[in-house]
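Novice: Next comes the structure file run02.csv, holding CSV, C-alpha atoms.
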```csv
chain,number,residue,atom,x,y,z
N,153,MET,CA,42.2,-3.5,40.0
N,154,GLU,CA,45.0,-1.7,41.8
N,155,GLU,CA,45.8,-4.7,43.9
N,156,LYS,CA,45.6,-7.1,41.1
N,157,TYR,CA,47.2,-5.3,38.1
N,158,ALA,CA,49.6,-2.8,39.5
N,159,LYS,CA,52.3,-5.5,39.4
N,160,TYR,CA,52.1,-5.3,35.5
N,161,TRP,CA,52.7,-1.6,35.5
N,162,TRP,CA,55.7,-0.2,33.7
N,163,SER,CA,58.9,0.1,35.6
N,164,GLU,CA,59.7,3.6,37.1
N,165,LYS,CA,62.4,4.0,34.4
N,166,ASP,CA,60.0,3.1,31.6
N,167,GLU,CA,57.2,5.4,32.9
N,168,LYS,CA,59.6,8.3,33.3
N,169,GLU,CA,60.8,7.8,29.7
N,170,TYR,CA,57.2,7.7,28.4
N,171,ARG,CA,56.3,10.9,30.3
N,172,GLU,CA,59.3,12.7,28.7
N,173,ILE,CA,58.2,11.4,25.2
N,174,SER,CA,54.6,12.5,25.8
N,175,LYS,CA,55.7,16.1,26.3
N,176,ASN,CA,56.7,16.2,22.6
N,177,PRO,CA,53.7,15.4,20.3
N,178,PHE,CA,56.0,14.4,17.4
N,179,LYS,CA,58.1,12.0,19.6
N,180,LEU,CA,54.8,10.5,20.9
N,181,LEU,CA,53.6,10.1,17.4
N,182,ILE,CA,56.8,8.2,16.4
N,183,PHE,CA,56.6,6.1,19.6
N,184,THR,CA,53.0,5.2,18.8
N,185,ILE,CA,53.8,4.2,15.2
N,186,LEU,CA,56.6,2.0,16.6
N,187,SER,CA,54.0,0.4,18.9
N,188,GLN,CA,51.8,-0.8,16.1
N,189,ASN,CA,51.5,-4.6,16.0
N,190,THR,CA,54.2,-5.2,18.6
N,191,SER,CA,54.7,-5.4,22.4
N,192,GLY,CA,55.6,-2.6,24.8
N,193,VAL,CA,59.0,-4.0,25.3
N,194,ASN,CA,59.8,-4.1,21.6
N,195,THR,CA,58.3,-0.6,21.1
N,196,ARG,CA,60.7,0.8,23.7
N,197,ARG,CA,63.6,-1.0,22.2
N,198,ALA,CA,62.8,0.3,18.8
N,199,TYR,CA,62.4,3.9,20.0
N,200,ARG,CA,65.7,3.8,21.9
N,201,GLY,CA,67.4,2.4,18.9
N,202,LEU,CA,66.0,5.2,16.8
N,203,SER,CA,66.9,7.9,19.3
N,204,LYS,CA,70.4,6.7,19.5
N,205,LYS,CA,70.8,7.0,15.8
N,206,PHE,CA,68.8,10.1,15.1
N,207,ASP,CA,67.5,13.2,16.8
N,208,ILE,CA,63.8,12.6,16.7
N,209,ASN,CA,62.4,15.5,14.9
N,210,PRO,CA,60.7,15.7,11.5
N,211,TYR,CA,63.5,17.6,9.7
N,212,ILE,CA,66.1,15.0,10.7
N,213,LEU,CA,63.9,12.0,9.9
N,214,ALA,CA,62.6,13.3,6.6
N,215,LYS,CA,66.2,13.6,5.4
N,216,ALA,CA,67.4,10.3,6.9
N,217,ASN,CA,68.1,7.2,4.8
N,218,GLU,CA,65.1,4.9,5.0
N,219,GLU,CA,67.3,1.8,5.4
N,220,GLU,CA,69.2,3.4,8.3
N,221,ILE,CA,65.8,4.1,10.0
N,222,ALA,CA,64.7,0.5,9.4
N,223,ASN,CA,67.9,-0.9,10.9
N,224,ALA,CA,67.6,1.4,14.0
N,225,ILE,CA,64.0,0.2,14.7
N,226,LYS,CA,64.5,-3.5,13.7
N,227,SER,CA,63.8,-4.8,17.2
N,228,GLY,CA,60.2,-3.5,16.9
N,229,GLY,CA,59.0,-5.7,14.0
N,230,LEU,CA,57.6,-4.5,10.7
N,231,TYR,CA,60.6,-2.2,10.6
N,232,ARG,CA,60.6,-1.6,6.9
N,233,ILE,CA,56.9,-0.6,6.8
N,234,LYS,CA,57.4,1.6,9.9
N,235,ALA,CA,60.6,3.2,8.5
N,236,ARG,CA,58.7,4.2,5.4
N,237,ARG,CA,55.8,5.6,7.5
N,238,ILE,CA,58.2,7.6,9.7
N,239,LYS,CA,59.8,9.3,6.7
N,240,GLU,CA,56.4,9.9,5.0
N,241,ILE,CA,54.9,11.4,8.2
N,242,SER,CA,58.0,13.6,8.8
N,243,GLU,CA,57.8,14.9,5.2
N,244,TYR,CA,54.1,15.6,5.5
N,245,ILE,CA,54.4,17.4,8.8
N,246,ILE,CA,57.2,19.6,7.4
N,247,LYS,CA,55.1,20.4,4.2
N,248,LYS,CA,51.8,21.1,5.9
N,249,TYR,CA,52.8,22.3,9.4
N,250,GLY,CA,56.3,23.6,9.0
N,251,GLY,CA,57.5,20.8,11.1
N,252,ASP,CA,55.5,21.7,14.2
N,253,LEU,CA,52.7,19.4,15.3
N,254,LYS,CA,51.6,22.0,17.9
N,255,GLN,CA,49.7,23.6,15.1
N,256,ILE,CA,47.4,20.5,15.3
N,257,ILE,CA,47.2,19.9,19.1
N,258,ASN,CA,46.1,23.5,19.9
N,259,LYS,CA,42.8,22.9,18.1
N,260,ASP,CA,39.7,21.2,19.5
N,261,LYS,CA,39.5,17.5,20.0
N,262,GLU,CA,37.5,16.6,16.9
N,263,GLU,CA,39.7,18.8,14.6
N,264,ILE,CA,42.8,17.3,16.2
N,265,LYS,CA,41.7,13.8,15.4
N,266,LYS,CA,40.6,14.7,11.9
N,267,GLU,CA,44.0,16.2,11.0
N,268,LEU,CA,46.0,13.5,12.7
N,269,MET,CA,44.2,10.8,10.7
N,270,GLU,CA,45.3,12.6,7.5
N,271,LEU,CA,48.9,11.8,8.4
N,272,PRO,CA,50.3,8.7,6.5
N,273,GLY,CA,49.8,5.5,8.5
N,274,VAL,CA,47.8,7.1,11.3
N,275,GLY,CA,44.5,5.5,12.2
N,276,ASN,CA,42.0,5.8,15.1
N,277,LYS,CA,44.2,4.1,17.7
N,278,THR,CA,47.3,6.1,16.9
N,279,ALA,CA,45.4,9.4,16.8
N,280,ASP,CA,43.7,8.6,20.1
N,281,VAL,CA,47.0,8.0,21.9
N,282,ILE,CA,48.0,11.5,21.0
N,283,ILE,CA,44.6,13.0,22.0
N,284,SER,CA,44.5,11.1,25.3
N,285,SER,CA,47.9,12.6,26.2
N,286,ILE,CA,46.2,16.0,26.0
N,287,TYR,CA,42.7,15.3,27.2
N,288,GLY,CA,43.1,12.1,29.2
N,289,GLN,CA,41.6,8.6,28.6
N,290,ARG,CA,38.1,9.6,29.6
N,291,GLU,CA,37.9,11.9,26.6
N,292,SER,CA,39.8,9.6,24.2
N,293,PHE,CA,39.6,5.9,25.2
N,294,VAL,CA,42.3,4.1,23.1
N,295,ILE,CA,40.9,0.9,21.6
N,296,ASP,CA,43.2,-2.0,20.6
N,297,THR,CA,42.7,-5.7,20.3
N,298,HIS,CA,42.5,-6.2,24.0
N,299,MET,CA,39.9,-3.5,24.5
N,300,LYS,CA,37.8,-4.8,21.6
N,301,ARG,CA,37.9,-8.3,22.9
N,302,ILE,CA,36.7,-7.4,26.4
N,303,ALA,CA,34.0,-5.1,25.1
N,304,VAL,CA,32.6,-8.0,22.9
N,305,ARG,CA,32.9,-10.5,25.7
N,306,LEU,CA,31.1,-8.2,28.2
N,307,GLY,CA,28.3,-8.0,25.7
N,308,ILE,CA,28.4,-4.2,25.3
N,309,ALA,CA,29.6,-4.3,21.7
N,310,ASP,CA,29.1,-6.5,18.7
N,311,LYS,CA,32.0,-8.2,17.0
N,312,LYS,CA,31.3,-6.1,13.9
N,313,ALA,CA,31.1,-2.9,15.9
N,314,SER,CA,33.1,0.1,14.6
N,315,TYR,CA,36.0,1.6,16.5
N,316,GLU,CA,33.8,4.5,17.7
N,317,GLU,CA,31.0,2.2,18.8
N,318,ILE,CA,33.4,0.1,20.9
N,319,GLN,CA,35.1,3.2,22.3
N,320,ASN,CA,31.7,4.7,23.4
N,321,ALA,CA,30.5,1.4,24.9
N,322,LEU,CA,33.6,1.1,27.1
N,323,LYS,CA,33.7,4.7,28.1
N,324,ASN,CA,30.1,4.5,29.3
N,325,ILE,CA,30.7,1.6,31.8
N,326,PHE,CA,32.9,3.8,34.0
N,327,PRO,CA,31.3,5.9,36.7
N,328,TRP,CA,33.4,8.9,35.8
N,329,LYS,CA,31.6,11.3,38.1
N,330,ASN,CA,32.6,9.2,41.1
N,331,ILE,CA,36.3,8.9,40.1
N,332,PRO,CA,38.6,11.8,41.0
N,333,GLU,CA,40.0,13.3,37.8
N,334,LYS,CA,43.6,12.6,39.0
N,335,ASN,CA,42.8,8.8,39.1
N,336,GLN,CA,40.9,8.5,35.8
N,337,ASP,CA,43.9,7.7,33.5
N,338,ARG,CA,45.2,5.3,36.1
N,339,ILE,CA,41.9,3.4,36.2
N,340,ALA,CA,41.6,3.3,32.4
N,341,SER,CA,45.1,1.9,32.2
N,342,LEU,CA,44.4,-0.7,34.9
N,343,PHE,CA,41.3,-1.8,33.0
N,344,TRP,CA,43.5,-2.3,29.9
N,345,LEU,CA,45.8,-4.5,32.0
N,346,LEU,CA,42.7,-6.5,33.1
N,347,ALA,CA,41.8,-7.0,29.4
N,348,LYS,CA,45.3,-8.1,28.5
N,349,TYR,CA,46.2,-10.4,31.4
N,350,THR,CA,42.8,-11.7,32.6
N,351,CYS,CA,40.5,-11.5,29.6
N,352,ARG,CA,43.1,-13.2,27.5
N,353,ALA,CA,42.4,-14.3,23.9
N,354,ILE,CA,43.3,-17.9,24.8
N,355,ASN,CA,42.4,-19.4,28.1
N,356,PRO,CA,40.8,-16.3,29.7
N,357,LYS,CA,40.9,-16.3,33.5
N,358,CYS,CA,37.2,-15.8,33.9
N,359,ASP,CA,36.9,-17.1,37.4
N,360,GLU,CA,39.4,-14.5,38.6
N,361,CYS,CA,37.8,-11.6,36.8
N,362,ILE,CA,36.2,-8.8,38.9
N,363,LEU,CA,33.7,-8.2,36.0
N,364,LYS,CA,32.5,-11.8,35.7
N,365,GLU,CA,29.0,-11.1,37.1
N,366,MET,CA,28.3,-8.6,34.4
N,367,CYS,CA,30.0,-10.6,31.6
N,368,LYS,CA,28.0,-12.2,28.9
N,369,PHE,CA,30.9,-14.5,27.9
N,370,TYR,CA,31.3,-15.8,31.5
N,371,ARG,CA,27.5,-16.4,31.9
N,372,LYS,CA,27.5,-18.4,28.7
N,373,SER,CA,30.3,-20.6,29.9
N,374,GLU,CA,28.7,-21.4,33.3
```
As structure tokens - that is how I would like this structure written.
Specialist:
Amino acid sequence: MEEKYAKYWWSEKDEKEYREISKNPFKLLIFTILSQNTSGVNTRRAYRGLSKKFDINPYILAKANEEEIANAIKSGGLYRIKARRIKEISEYIIKKYGGDLKQIINKDKEEIKKELMELPGVGNKTADVIISSIYGQRESFVIDTHMKRIAVRLGIADKKASYEEIQNALKNIFPWKNIPEKNQDRIASLFWLLAKYTCRAINPKCDECILKEMCKFYRKSE
């Protein structure tokens, strides 16, 4: 996977930016909301647009004009919906946590997810992005359309499977005990790149896939 998918990895600049964002749970939450239903490129554009206009903290964004937020994140798509969510989340965090999300992330994993999903506009995927930044992908595998598609095609999850069922099915195919902890997040991310660029929704590159021998979808197409 390293040889085949490392070329799709973020640029050094983008990766450095994301590492900085990940240090602040509120900034990561906003970044993840901006990533909903859009590409990574558009997400970064929207986040940069927002950070140029506002200091990204709940007190500033709660008081900000919703139209101004929307204009700042326009490049990310669904900007009006996301602007409303950003304001609502900022207001909620101030009201319940005094503006400090660290009150959530210092709890155990299950409690973190429960409380994150009480935030406006936060679902399983968004919550798991935050949790994986703390515990790593092994503990909180993030499931999106690419991951669901590859799980169904491999035959380890049904099309109607729940988010948690797909998550557990994918986590269990990795020989985690044989993978050094420092490499686990990298491998999980490379697997996502495999799902995106090889196990494509249209015209999947099955013949090139390193998983084809264990893939139900490939065996059916032979």
Novice: Of the candidates N:Asp252, N:Glu219, N:Glu262, N:Glu333, which one gets nearest to N:Asn176 if we count all atoms listed in the file?
Specialist: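 Nearest to N:Asn176: N:Asp252.
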Novice: So, counting only C-alpha atoms, which residue among N:Leu306, N:Leu322, N:Leu345, N:Leu180 is closest to N:Ala158?
Specialist: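 Comparing N:Leu306, N:Leu322, N:Leu345, N:Leu180 against N:Ala158, the winner is N:Leu345.
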Novice: When you draw a straight line from atom CA of N:Thr350 to atom CA of N:Tyr160, how long is it in Å?
Specialist: 11.7 Å
Novice: Leaving out N:Asn189 and any residue of its chain fewer than 6 positions from it, which residues lie within 9 Å of it when counting all atoms listed in the file, given as an NGL selection string?
Specialist: :N and (228-230)
Novice: Take the residues just selected and output them with C-alpha atoms as a CSV table (one decimal), in the coordinates of the input.
Specialist:
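Okay, this is what ended up in out_33.csv:
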```csv
chain,number,residue,atom,x,y,z
N,228,GLY,CA,60.2,-3.5,16.9
N,229,GLY,CA,59.0,-5.7,14.0
N,230,LEU,CA,57.6,-4.5,10.7
```
Novice: Give me, as JSON lines, each residue of stretch 273-324 of chain N that comes within 10 Å of stretch 351-370 of chain N, together with its shortest interatomic pair and the distance in Å at one decimal, counting all atoms listed in the file, with rows ordered by chain and rising residue number.
Specialist:
```
{"residue": "N:Thr297", "atom": "CA", "partner": "N:Ala353", "partner_atom": "CA", "distance": 9.3}
{"residue": "N:His298", "atom": "CA", "partner": "N:Arg352", "partner_atom": "CA", "distance": 7.8}
{"residue": "N:Met299", "atom": "CA", "partner": "N:Cys351", "partner_atom": "CA", "distance": 9.5}
{"residue": "N:Arg301", "atom": "CA", "partner": "N:Ala353", "partner_atom": "CA", "distance": 7.6}
{"residue": "N:Ile302", "atom": "CA", "partner": "N:Cys351", "partner_atom": "CA", "distance": 6.4}
{"residue": "N:Ala303", "atom": "CA", "partner": "N:Cys367", "partner_atom": "CA", "distance": 9.4}
{"residue": "N:Val304", "atom": "CA", "partner": "N:Phe369", "partner_atom": "CA", "distance": 8.4}
{"residue": "N:Arg305", "atom": "CA", "partner": "N:Phe369", "partner_atom": "CA", "distance": 5.0}
{"residue": "N:Leu306", "atom": "CA", "partner": "N:Cys367", "partner_atom": "CA", "distance": 4.3}
{"residue": "N:Gly307", "atom": "CA", "partner": "N:Lys368", "partner_atom": "CA", "distance": 5.3}
{"residue": "N:Ile308", "atom": "CA", "partner": "N:Lys368", "partner_atom": "CA", "distance": 8.8}
```
Novice: List as JSON, numbers by chain the residues having at least one atom at most 12 Å from position (30.7, 1.4, 22.3) as given in the file, counting all atoms listed in the file.
Specialist: {"N": [293, 294, 295, 299, 300, 302, 303, 304, 306, 307, 308, 309, 310, 311, 312, 313, 314, 315, 316, 317, 318, 319, 320, 321, 322, 323, 324, 325]}
Novice: Report as a CSV table (one decimal) with C-alpha atoms, in the frame of the given file all protein, DNA and RNA residues lying within 12 Å of stretch 212-215 of chain N, evaluated on only C-alpha atoms, omitting residues in the same chain fewer than 3 positions from it.
Specialist:
```
chain,number,residue,atom,x,y,z
N,178,PHE,CA,56.0,14.4,17.4
N,179,LYS,CA,58.1,12.0,19.6
N,182,ILE,CA,56.8,8.2,16.4
N,202,LEU,CA,66.0,5.2,16.8
N,203,SER,CA,66.9,7.9,19.3
N,205,LYS,CA,70.8,7.0,15.8
N,206,PHE,CA,68.8,10.1,15.1
N,207,ASP,CA,67.5,13.2,16.8
N,208,ILE,CA,63.8,12.6,16.7
N,209,ASN,CA,62.4,15.5,14.9
N,218,GLU,CA,65.1,4.9,5.0
N,219,GLU,CA,67.3,1.8,5.4
N,220,GLU,CA,69.2,3.4,8.3
N,221,ILE,CA,65.8,4.1,10.0
N,222,ALA,CA,64.7,0.5,9.4
N,224,ALA,CA,67.6,1.4,14.0
N,235,ALA,CA,60.6,3.2,8.5
N,236,ARG,CA,58.7,4.2,5.4
N,237,ARG,CA,55.8,5.6,7.5
N,238,ILE,CA,58.2,7.6,9.7
N,239,LYS,CA,59.8,9.3,6.7
N,240,GLU,CA,56.4,9.9,5.0
N,241,ILE,CA,54.9,11.4,8.2
N,242,SER,CA,58.0,13.6,8.8
N,243,GLU,CA,57.8,14.9,5.2
N,244,TYR,CA,54.1,15.6,5.5
N,245,ILE,CA,54.4,17.4,8.8
N,246,ILE,CA,57.2,19.6,7.4
N,247,LYS,CA,55.1,20.4,4.2
N,251,GLY,CA,57.5,20.8,11.1
```
Novice: Between atom CA of N:Thr278 and atom CA of N:Asn330, what is the distance in Å, rounded to a tenth?
Specialist: 28.5 Å
Novice: Using the incomplete input, complete stretch 154-183 of chain N to the level of N, CA and C atoms; output as an mmCIF file, in the frame of the given file.
Specialist:
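out.cif was written with the following content:
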```cif
data_model
loop_
_atom_site.group_PDB
_atom_site.id
_atom_site.type_symbol
_atom_site.label_atom_id
_atom_site.label_comp_id
_atom_site.auth_asym_id
_atom_site.auth_seq_id
_atom_site.Cartn_x
_atom_site.Cartn_y
_atom_site.Cartn_z
ATOM 1 N N GLU N 154 43.706 -2.102 41.319
ATOM 2 C CA GLU N 154 45.000 -1.700 41.800
ATOM 3 C C GLU N 154 45.793 -2.817 42.405
ATOM 4 N N GLU N 155 45.106 -3.564 43.268
ATOM 5 C CA GLU N 155 45.800 -4.700 43.900
ATOM 6 C C GLU N 155 46.169 -5.779 42.972
ATOM 7 N N LYS N 156 45.353 -6.003 41.956
ATOM 8 C CA LYS N 156 45.600 -7.100 41.100
ATOM 9 C C LYS N 156 46.485 -6.832 39.882
ATOM 10 N N TYR N 157 46.467 -5.587 39.400
ATOM 11 C CA TYR N 157 47.200 -5.300 38.100
ATOM 12 C C TYR N 157 48.326 -4.324 38.229
ATOM 13 N N ALA N 158 48.512 -3.707 39.385
ATOM 14 C CA ALA N 158 49.600 -2.800 39.500
ATOM 15 C C ALA N 158 50.977 -3.446 39.280
ATOM 16 N N LYS N 159 51.054 -4.738 39.552
ATOM 17 C CA LYS N 159 52.300 -5.500 39.400
ATOM 18 C C LYS N 159 52.744 -5.525 37.894
ATOM 19 N N TYR N 160 51.779 -5.309 36.978
ATOM 20 C CA TYR N 160 52.100 -5.300 35.500
ATOM 21 C C TYR N 160 52.483 -3.947 35.019
ATOM 22 N N TRP N 161 52.431 -2.948 35.897
ATOM 23 C CA TRP N 161 52.700 -1.600 35.500
ATOM 24 C C TRP N 161 54.141 -1.429 34.996
ATOM 25 N N TRP N 162 54.367 -0.450 34.148
ATOM 26 C CA TRP N 162 55.700 -0.200 33.700
ATOM 27 C C TRP N 162 56.659 0.061 34.854
ATOM 28 N N SER N 163 57.942 -0.189 34.622
ATOM 29 C CA SER N 163 58.900 0.100 35.600
ATOM 30 C C SER N 163 59.007 1.662 35.768
ATOM 31 N N GLU N 164 59.570 2.119 36.861
ATOM 32 C CA GLU N 164 59.700 3.600 37.100
ATOM 33 C C GLU N 164 60.511 4.210 35.952
ATOM 34 N N LYS N 165 61.543 3.490 35.489
ATOM 35 C CA LYS N 165 62.400 4.000 34.400
ATOM 36 C C LYS N 165 61.580 4.141 33.112
ATOM 37 N N ASP N 166 60.792 3.100 32.782
ATOM 38 C CA ASP N 166 60.000 3.100 31.600
ATOM 39 C C ASP N 166 58.918 4.200 31.613
ATOM 40 N N GLU N 167 58.314 4.358 32.790
ATOM 41 C CA GLU N 167 57.200 5.400 32.900
ATOM 42 C C GLU N 167 57.822 6.777 32.802
ATOM 43 N N LYS N 168 58.990 6.994 33.389
ATOM 44 C CA LYS N 168 59.600 8.300 33.300
ATOM 45 C C LYS N 168 59.982 8.614 31.829
ATOM 46 N N GLU N 169 60.481 7.590 31.121
ATOM 47 C CA GLU N 169 60.800 7.800 29.700
ATOM 48 C C GLU N 169 59.574 8.139 28.899
ATOM 49 N N TYR N 170 58.463 7.449 29.164
ATOM 50 C CA TYR N 170 57.200 7.700 28.400
ATOM 51 C C TYR N 170 56.687 9.108 28.722
ATOM 52 N N ARG N 171 56.789 9.552 29.976
ATOM 53 C CA ARG N 171 56.300 10.900 30.300
ATOM 54 C C ARG N 171 57.124 11.955 29.553
ATOM 55 N N GLU N 172 58.415 11.730 29.410
ATOM 56 C CA GLU N 172 59.300 12.700 28.700
ATOM 57 C C GLU N 172 58.874 12.665 27.181
ATOM 58 N N ILE N 173 58.642 11.478 26.630
ATOM 59 C CA ILE N 173 58.200 11.400 25.200
ATOM 60 C C ILE N 173 56.903 12.090 25.006
ATOM 61 N N SER N 174 55.979 11.924 25.950
ATOM 62 C CA SER N 174 54.600 12.500 25.800
ATOM 63 C C SER N 174 54.618 14.011 25.800
ATOM 64 N N LYS N 175 55.665 14.626 26.301
ATOM 65 C CA LYS N 175 55.700 16.100 26.300
ATOM 66 C C LYS N 175 55.912 16.657 24.905
ATOM 67 N N ASN N 176 56.399 15.811 23.995
ATOM 68 C CA ASN N 176 56.700 16.200 22.600
ATOM 69 C C ASN N 176 55.718 15.482 21.688
ATOM 70 N N PRO N 177 54.728 16.142 21.075
ATOM 71 C CA PRO N 177 53.700 15.400 20.300
ATOM 72 C C PRO N 177 54.345 14.645 19.097
ATOM 73 N N PHE N 178 55.419 15.161 18.509
ATOM 74 C CA PHE N 178 56.000 14.400 17.400
ATOM 75 C C PHE N 178 56.707 13.149 17.896
ATOM 76 N N LYS N 179 57.424 13.241 19.014
ATOM 77 C CA LYS N 179 58.100 12.000 19.600
ATOM 78 C C LYS N 179 57.023 11.009 19.979
ATOM 79 N N LEU N 180 55.911 11.480 20.553
ATOM 80 C CA LEU N 180 54.800 10.500 20.900
ATOM 81 C C LEU N 180 54.234 9.888 19.706
ATOM 82 N N LEU N 181 54.086 10.637 18.643
ATOM 83 C CA LEU N 181 53.600 10.100 17.400
ATOM 84 C C LEU N 181 54.490 8.978 16.872
ATOM 85 N N ILE N 182 55.787 9.231 16.856
ATOM 86 C CA ILE N 182 56.800 8.200 16.400
ATOM 87 C C ILE N 182 56.735 7.005 17.301
ATOM 88 N N PHE N 183 56.673 7.238 18.602
ATOM 89 C CA PHE N 183 56.600 6.100 19.600
ATOM 90 C C PHE N 183 55.372 5.268 19.307
#
```
